[in-house]
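Here's the structure, in structure tokens; my notes come after.
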Amino acid sequence: MSNPLLTVAGLGKRFGGFTALTDVNLIVAEGERLGLIGPNGSGKSTLVNCLCGTLRNDMGKVTFDGHALNGMSAHRRTRLGMARSFQLPRPFTTLTLAENIRVPILYAANVKTSGQAIDPRQRCEALLDMVGLLPKADLKPADLTQIEMRKLELARAMASDPRLLIADEAMAGLSHQEVDEILELLIKLNGQGVTIIMIEHIMRAVLAFSQRLVVLVAGRKIADGVPQDIIRQPDVVAAYLGS
Amino acid sequence: MRNAYFILAALAVAAVTFAVARSIDNAYVFFAGYVVLQYIVLATAWNILGGFCGYVNFGIAAFFALGAYTTVVLHKTMPFLPLPAMMLAGGVVSGLIGLGMGYLTLRLRGTFFSIATLAMAVVAQTMITNWNFVGGSRGAYIIRPADSPIFSGDYIQYLFVVMLALSVISVSLARAIQFSRLGFGFSAIRDDEGAAEASGVPTLKLKLIATALSGGLMGMAGAPLPYYVTYLDPASGFSLSYAVNTIAMPLIGGTATWLGPLIGAILLGTLQQVATVTISSALSLLLVGVLLVTFVIAAPKGIVGWFKK
């Protein structure tokens, strides 16, 4: 395994009396494609929120690229090179698509590469072109279809120039063909050197995408390994299908 | 450079405005015009926080009156200070109050934030009412100098010019912000704070910039008030009508751009002044109410919204 980019050690999160995550350990290597699965309510999104700084973890440590992240605000994590897409797309509704992309370029990408600032306009066009939304650059998000919204969400996450992309159910609710489109996009991004954690319910997509699979059940990690082995593991099958 | 051209154009418009006002042989033009200009500043300042960032501030009267009371204090302690210096001081006081309010309340959102600002206004009014040095509930008398210190004319002309300059500054500032990196950050906060933070926008810092700027400009707008009214008491300084007018103007003009509050303030402010003179002063608030209801129903994006797709 190459250098670890993200290290999660003993992570725990409680909401009042409810324990959402217990002692989660995870290492993600640079350039890896990791699939994170688990039944509804198993803590996947809570884990993402703890990683990205939207929530504060109560226990454990998260290290990204050698930086300890505990207590760090979400925007600083984004500037370090950690980007996410939201499960339900959350575009900036009063801004055009181009302006949506411009925000992370101005606030994350150009902050990191201080000194050699990239031209926001060019970068913005390149990103919209990558997801095929360039012709709609001057429209508002309300004019987009569901899959276009997902693509915008991914383009905006990529606009911060991340080293790690966390795609939280980027394909939920899409058709068979649309899933393939997003999948192709994510694999292309990975080919450009971006480490990706994919959270997904669509098993076909997860299996096609992941080099390694991690399974969360009731806030605990129950499996971690090669996808084909993992999905045959009895406790994973039990968690998904019942025993 | 586009900002520099805009400021030059705004200064030219201001110069023409003053020349036209001078050509009308009636001092009341300046008294009425001063109020309209004051509302241009207030509406523009409110819009930086309310329109750009989406945080609705009901505490306008507090920022405005604290600016005015700063002048009362300076007038009693350092009467030799020129008015622009007092305005700067008023701006600093209200800006700091804005910063403090921002820090204490910005974890609140939506209605909760608005109610907190309203509460802050009540607290500020109570404190001023009980502060004997500035006249307490009796109010304070300020004697307005007879002549303008920088050109030949009444002092009211001087007040008019000062407020005209502040309008140019506020509108230019709001416009510069709208097209800057800061403006994109503000819009992101207004639309979705969580997504903004995930895009690298330091939301807390930006909100503090907005509350401080907005509060500071309101304080500067209030600072010349004691010289304008010559008698200032808490009830009139903290009057709710300032808050109602200041919120109504951007809503009527359109909150998304720098132009909306300007149009709203000129339109509504002028209408109120005309109504006050020709019909009755009680009518002006009724006008605000009727226009506000009409616009909220018929044109929720304001006048500027008509011209955008």
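Every chain in the structure tokens takes a letter, A first, then B, and so on in the order presented; its residues are numbered from 1, and the ligands are numbered from 1 following the presented order.
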So which residues touch A:Ala239 within 9 Å, counting only C-alpha atoms, skipping near sequence neighbours fewer than 3 positions away, as number ranges by chain?
-> A: 38-39, 217, 234-236, 242-243
Would you tabulate, counting only C-alpha atoms, all residues of chain A that have an atom at most 7 Å from an atom of chain B, showing the closest pair of atoms and their distance in Å to one decimal, sorted by chain then ascending number, as CSV?
residue,atom,partner,partner_atom,distance
A:Ala74,CA,B:Glu197,CA,5.8
A:His75,CA,B:Gly200,CA,4.0
A:Arg76,CA,B:Gly200,CA,6.5
A:Thr78,CA,B:Gly200,CA,5.3
A:Arg79,CA,B:Gly200,CA,5.9
A:Ala83,CA,B:Ala198,CA,6.9
A:Arg90,CA,B:Ala195,CA,6.4
A:Phe92,CA,B:Asp191,CA,5.1
A:Thr93,CA,B:Asp191,CA,6.1
A:Thr94,CA,B:Asp191,CA,6.8
A:Val103,CA,B:Phe184,CA,6.1
A:Pro104,CA,B:Ser199,CA,4.6
A:Leu106,CA,B:Arg181,CA,6.6
A:Tyr107,CA,B:Gly200,CA,5.2
A:Ala108,CA,B:Gly200,CA,4.9
A:Ser160,CA,B:Ser199,CA,6.6
Next, the residues of the selection above should be written as a compact mmCIF listing (two decimals), in the first residue's frame with C-alpha atoms.
# COMPACT_ATOMS: atom_id res chain seq x y z
CA ALA A 74 -14.88 22.56 7.48
CA HIS A 75 -13.61 25.30 5.18
CA ARG A 76 -10.00 24.75 6.28
CA THR A 78 -11.56 21.84 2.11
CA ARG A 79 -8.55 24.08 1.61
CA ALA A 83 -13.84 17.84 -0.90
CA ARG A 90 -27.09 21.59 -2.43
CA PHE A 92 -26.16 27.85 -4.58
CA THR A 93 -29.60 28.49 -6.04
CA THR A 94 -29.34 32.21 -6.79
CA VAL A 103 -16.98 29.97 -5.28
CA PRO A 104 -14.66 27.03 -4.47
CA LEU A 106 -11.93 31.58 -5.36
CA TYR A 107 -12.08 30.28 -1.80
CA ALA A 108 -10.27 26.96 -1.89
CA SER A 160 -11.63 23.14 -4.85
Those in stretch 57-282 of chain B with helix (DSSP H, G or I) from DSSP, as a VMD selection string = chain B and resid 60 to 77 83 to 105 110 to 129 132 to 134 136 to 138 155 to 178 181 to 191 193 to 198 203 to 222 225 to 229 234 to 237 240 to 253 259 to 278
For B:Leu104, which residue out of B:Leu173, B:Leu204, B:Ala124, B:Ala275 is the nearest one, using only C-alpha atoms?
->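 Between B:Leu173, B:Leu204, B:Ala124, B:Ala275, the residue approaching B:Leu104 most closely is B:Leu204.
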Excluding same-chain residues fewer than 5 positions from A:Asn70, what lies within 9 Å of it counting only C-alpha atoms, as a PDB file with C-alpha atoms, in the first residue's frame?
ATOM      1  CA  GLY A  53     -15.819  18.908   9.764  1.00  0.00           C
ATOM      2  CA  ARG A  56     -17.283  17.208  15.555  1.00  0.00           C
ATOM      3  CA  ASN A  57     -16.271  13.667  16.491  1.00  0.00           C
ATOM      4  CA  GLY A  60     -10.733   9.370  18.092  1.00  0.00           C
ATOM      5  CA  LYS A  61      -8.465  11.113  15.645  1.00  0.00           C
ATOM      6  CA  VAL A  62      -8.604  11.985  11.970  1.00  0.00           C
ATOM      7  CA  THR A  63      -5.360  12.711  10.135  1.00  0.00           C
TER       8      THR A  63
END
From stretch 16-235 of chain A, collect each residue whose DSSP state is strand (DSSP E) and return the set as a PyMOL selection string.
-> chain A and resi 18-29+33-37+59-64+67-68+82-85+164-168+195-199+212-217+220-225
Interatomic distance, atom CA of B:Tyr28 to atom CA of B:Val16 (Å, one decimal) |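 One can read the atom CA of B:Tyr28 to atom CA of B:Val16 distance as 17.9 Å.
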If we count only C-alpha atoms, what is near A:Pro4 at a cut-off of 7 Å, once residues fewer than 2 positions away on the same chain are taken out, given as a PDB file with N, CA, C and O atoms, in the first residue's frame?
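The file below, result.pdb, is the result:
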ATOM      1  N   SER A   2       0.517   2.229  -0.840  1.00  0.00           N
ATOM      2  CA  SER A   2       1.307   3.473  -0.877  1.00  0.00           C
ATOM      3  C   SER A   2       0.983   4.328   0.350  1.00  0.00           C
ATOM      4  O   SER A   2       0.311   3.880   1.264  1.00  0.00           O
ATOM      5  N   LEU A   6      -5.434   9.449   4.251  1.00  0.00           N
ATOM      6  CA  LEU A   6      -6.390   9.717   5.327  1.00  0.00           C
ATOM      7  C   LEU A   6      -6.297   8.589   6.354  1.00  0.00           C
ATOM      8  O   LEU A   6      -6.317   7.419   5.995  1.00  0.00           O
ATOM      9  N   THR A   7      -6.165   8.956   7.611  1.00  0.00           N
ATOM     10  CA  THR A   7      -6.139   7.964   8.677  1.00  0.00           C
ATOM     11  C   THR A   7      -7.212   8.299   9.695  1.00  0.00           C
ATOM     12  O   THR A   7      -7.241   9.414  10.213  1.00  0.00           O
ATOM     13  N   ILE A  27      -7.933   3.414   7.028  1.00  0.00           N
ATOM     14  CA  ILE A  27      -6.789   4.046   6.374  1.00  0.00           C
ATOM     15  C   ILE A  27      -7.070   4.076   4.883  1.00  0.00           C
ATOM     16  O   ILE A  27      -7.463   3.066   4.296  1.00  0.00           O
ATOM     17  N   VAL A  28      -6.942   5.252   4.281  1.00  0.00           N
ATOM     18  CA  VAL A  28      -7.151   5.366   2.841  1.00  0.00           C
ATOM     19  C   VAL A  28      -5.831   5.775   2.202  1.00  0.00           C
ATOM     20  O   VAL A  28      -5.216   6.761   2.614  1.00  0.00           O
ATOM     21  N   ALA A  29      -5.409   4.993   1.216  1.00  0.00           N
ATOM     22  CA  ALA A  29      -4.121   5.275   0.580  1.00  0.00           C
ATOM     23  C   ALA A  29      -4.292   6.307  -0.525  1.00  0.00           C
ATOM     24  O   ALA A  29      -5.369   6.454  -1.107  1.00  0.00           O
ATOM     25  N   GLU A  30      -3.223   7.014  -0.802  1.00  0.00           N
ATOM     26  CA  GLU A  30      -3.200   7.992  -1.891  1.00  0.00           C
ATOM     27  C   GLU A  30      -3.566   7.301  -3.213  1.00  0.00           C
ATOM     28  O   GLU A  30      -2.989   6.259  -3.546  1.00  0.00           O
TER      29      GLU A  30
END
Might you pull out every residue within 7 Å of A:Thr195, with only C-alpha atoms counted and same-chain residues fewer than 6 positions away left off, and present them as a ChimeraX atom specification?
-> /A:30-33,163-165
Write out as a VMD selection string each polymer residue whose atoms come within 8 Å of stretch 39-49 of chain B, counting only C-alpha atoms; drop sequence neighbours fewer than 3 positions from it.
-> chain B and resid 35 to 36 52 to 57 60 166 to 167 170 to 171 174 207 210 to 211 213 to 215 217 to 218 221 245 to 247 249 to 250 255 258 261 to 262 265 to 266 269
Nearest residue to B:Gly216 from the set B:Gly91, B:Gly253, B:Gly67, B:Gly237 (distances using only C-alpha atoms) =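 Comparing B:Gly91, B:Gly253, B:Gly67, B:Gly237 against B:Gly216, the winner is B:Gly91.
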Find the residues near B:Ile156: any atom within 10 Å, counting only C-alpha atoms, skip ones fewer than 5 places away on the same chain, and give them as JSON, numbers by chain.
-> {"B": [27, 28, 29, 30, 31, 34, 144, 145, 146, 147, 148, 161, 162, 227, 228]}
Take the selection from the previous step and output its residues with N, CA, C and O atoms, as a CSV table (one decimal), in the first residue's frame.
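Saved to again.csv:
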chain,number,residue,atom,x,y,z
B,27,ALA,N,-34.6,76.3,1.2
B,27,ALA,CA,-33.8,75.5,2.1
B,27,ALA,C,-34.4,74.2,2.4
B,27,ALA,O,-33.7,73.2,2.8
B,28,TYR,N,-35.7,74.1,2.3
B,28,TYR,CA,-36.4,72.8,2.6
B,28,TYR,C,-36.0,71.7,1.7
B,28,TYR,O,-36.0,70.5,2.1
B,29,VAL,N,-35.5,72.0,0.5
B,29,VAL,CA,-35.0,71.0,-0.4
B,29,VAL,C,-33.9,70.2,0.3
B,29,VAL,O,-33.8,69.0,0.2
B,30,PHE,N,-33.1,70.9,1.0
B,30,PHE,CA,-31.9,70.2,1.6
B,30,PHE,C,-32.4,69.4,2.8
B,30,PHE,O,-31.9,68.3,3.1
B,31,PHE,N,-33.4,69.9,3.6
B,31,PHE,CA,-33.9,69.2,4.7
B,31,PHE,C,-34.5,67.8,4.2
B,31,PHE,O,-34.3,66.8,4.8
B,34,TYR,N,-31.8,65.5,2.6
B,34,TYR,CA,-31.0,64.9,3.6
B,34,TYR,C,-31.6,63.5,4.0
B,34,TYR,O,-30.9,62.5,4.1
B,144,ARG,N,-27.2,73.7,16.3
B,144,ARG,CA,-26.6,73.6,15.0
B,144,ARG,C,-25.9,74.9,14.6
B,144,ARG,O,-26.4,75.9,14.7
B,145,PRO,N,-24.6,74.8,14.1
B,145,PRO,CA,-23.9,76.0,13.7
B,145,PRO,C,-24.7,76.6,12.6
B,145,PRO,O,-25.5,76.0,11.8
B,146,ALA,N,-24.5,77.9,12.4
B,146,ALA,CA,-25.4,78.6,11.4
B,146,ALA,C,-24.9,78.4,10.0
B,146,ALA,O,-25.7,78.2,9.1
B,147,ASP,N,-23.6,78.4,9.8
B,147,ASP,CA,-23.1,78.3,8.4
B,147,ASP,C,-22.2,77.1,8.2
B,147,ASP,O,-21.6,76.5,9.1
B,148,SER,N,-22.2,76.7,6.9
B,148,SER,CA,-21.3,75.6,6.5
B,148,SER,C,-19.8,76.0,6.7
B,148,SER,O,-19.4,77.1,6.4
B,161,VAL,N,-24.4,67.8,1.9
B,161,VAL,CA,-23.2,67.4,1.2
B,161,VAL,C,-22.5,66.2,1.8
B,161,VAL,O,-22.1,65.2,1.2
B,162,VAL,N,-22.4,66.3,3.2
B,162,VAL,CA,-21.7,65.2,3.9
B,162,VAL,C,-22.5,63.9,3.7
B,162,VAL,O,-21.9,62.8,3.4
B,227,TYR,N,-27.2,67.0,14.7
B,227,TYR,CA,-27.1,68.4,14.1
B,227,TYR,C,-28.3,68.7,13.2
B,227,TYR,O,-28.7,69.8,13.0
B,228,TYR,N,-28.9,67.6,12.7
B,228,TYR,CA,-30.0,67.8,11.8
B,228,TYR,C,-31.3,68.1,12.6
B,228,TYR,O,-32.0,69.0,12.3
With only C-alpha atoms as the basis for distance, which of B:Ser239, B:Ile24, B:Leu291, B:Phe179 is at the shortest distance from B:Gly264?
-> B:Leu291
In terms of the shortest atom-to-atom distance over only C-alpha atoms, which of A:Gly12, A:Gly17, A:Pro162, A:Pro91 is closest to A:Asn190?
->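 With only C-alpha atoms as the atom set, the closest residue is A:Pro162.
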By how many Å are atom CA of B:Gly219 and atom CA of B:Met86 apart?
->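 We find that atom CA of B:Gly219 and atom CA of B:Met86 lie 10.3 Å from each other.
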Rank nothing, just name the residue among A:Met149, A:Leu216, A:Val206, A:Ala20 nearest to A:Pro89, using only C-alpha atoms.
->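 Among A:Met149, A:Leu216, A:Val206, A:Ala20, it is A:Met149 that comes nearest to A:Pro89.
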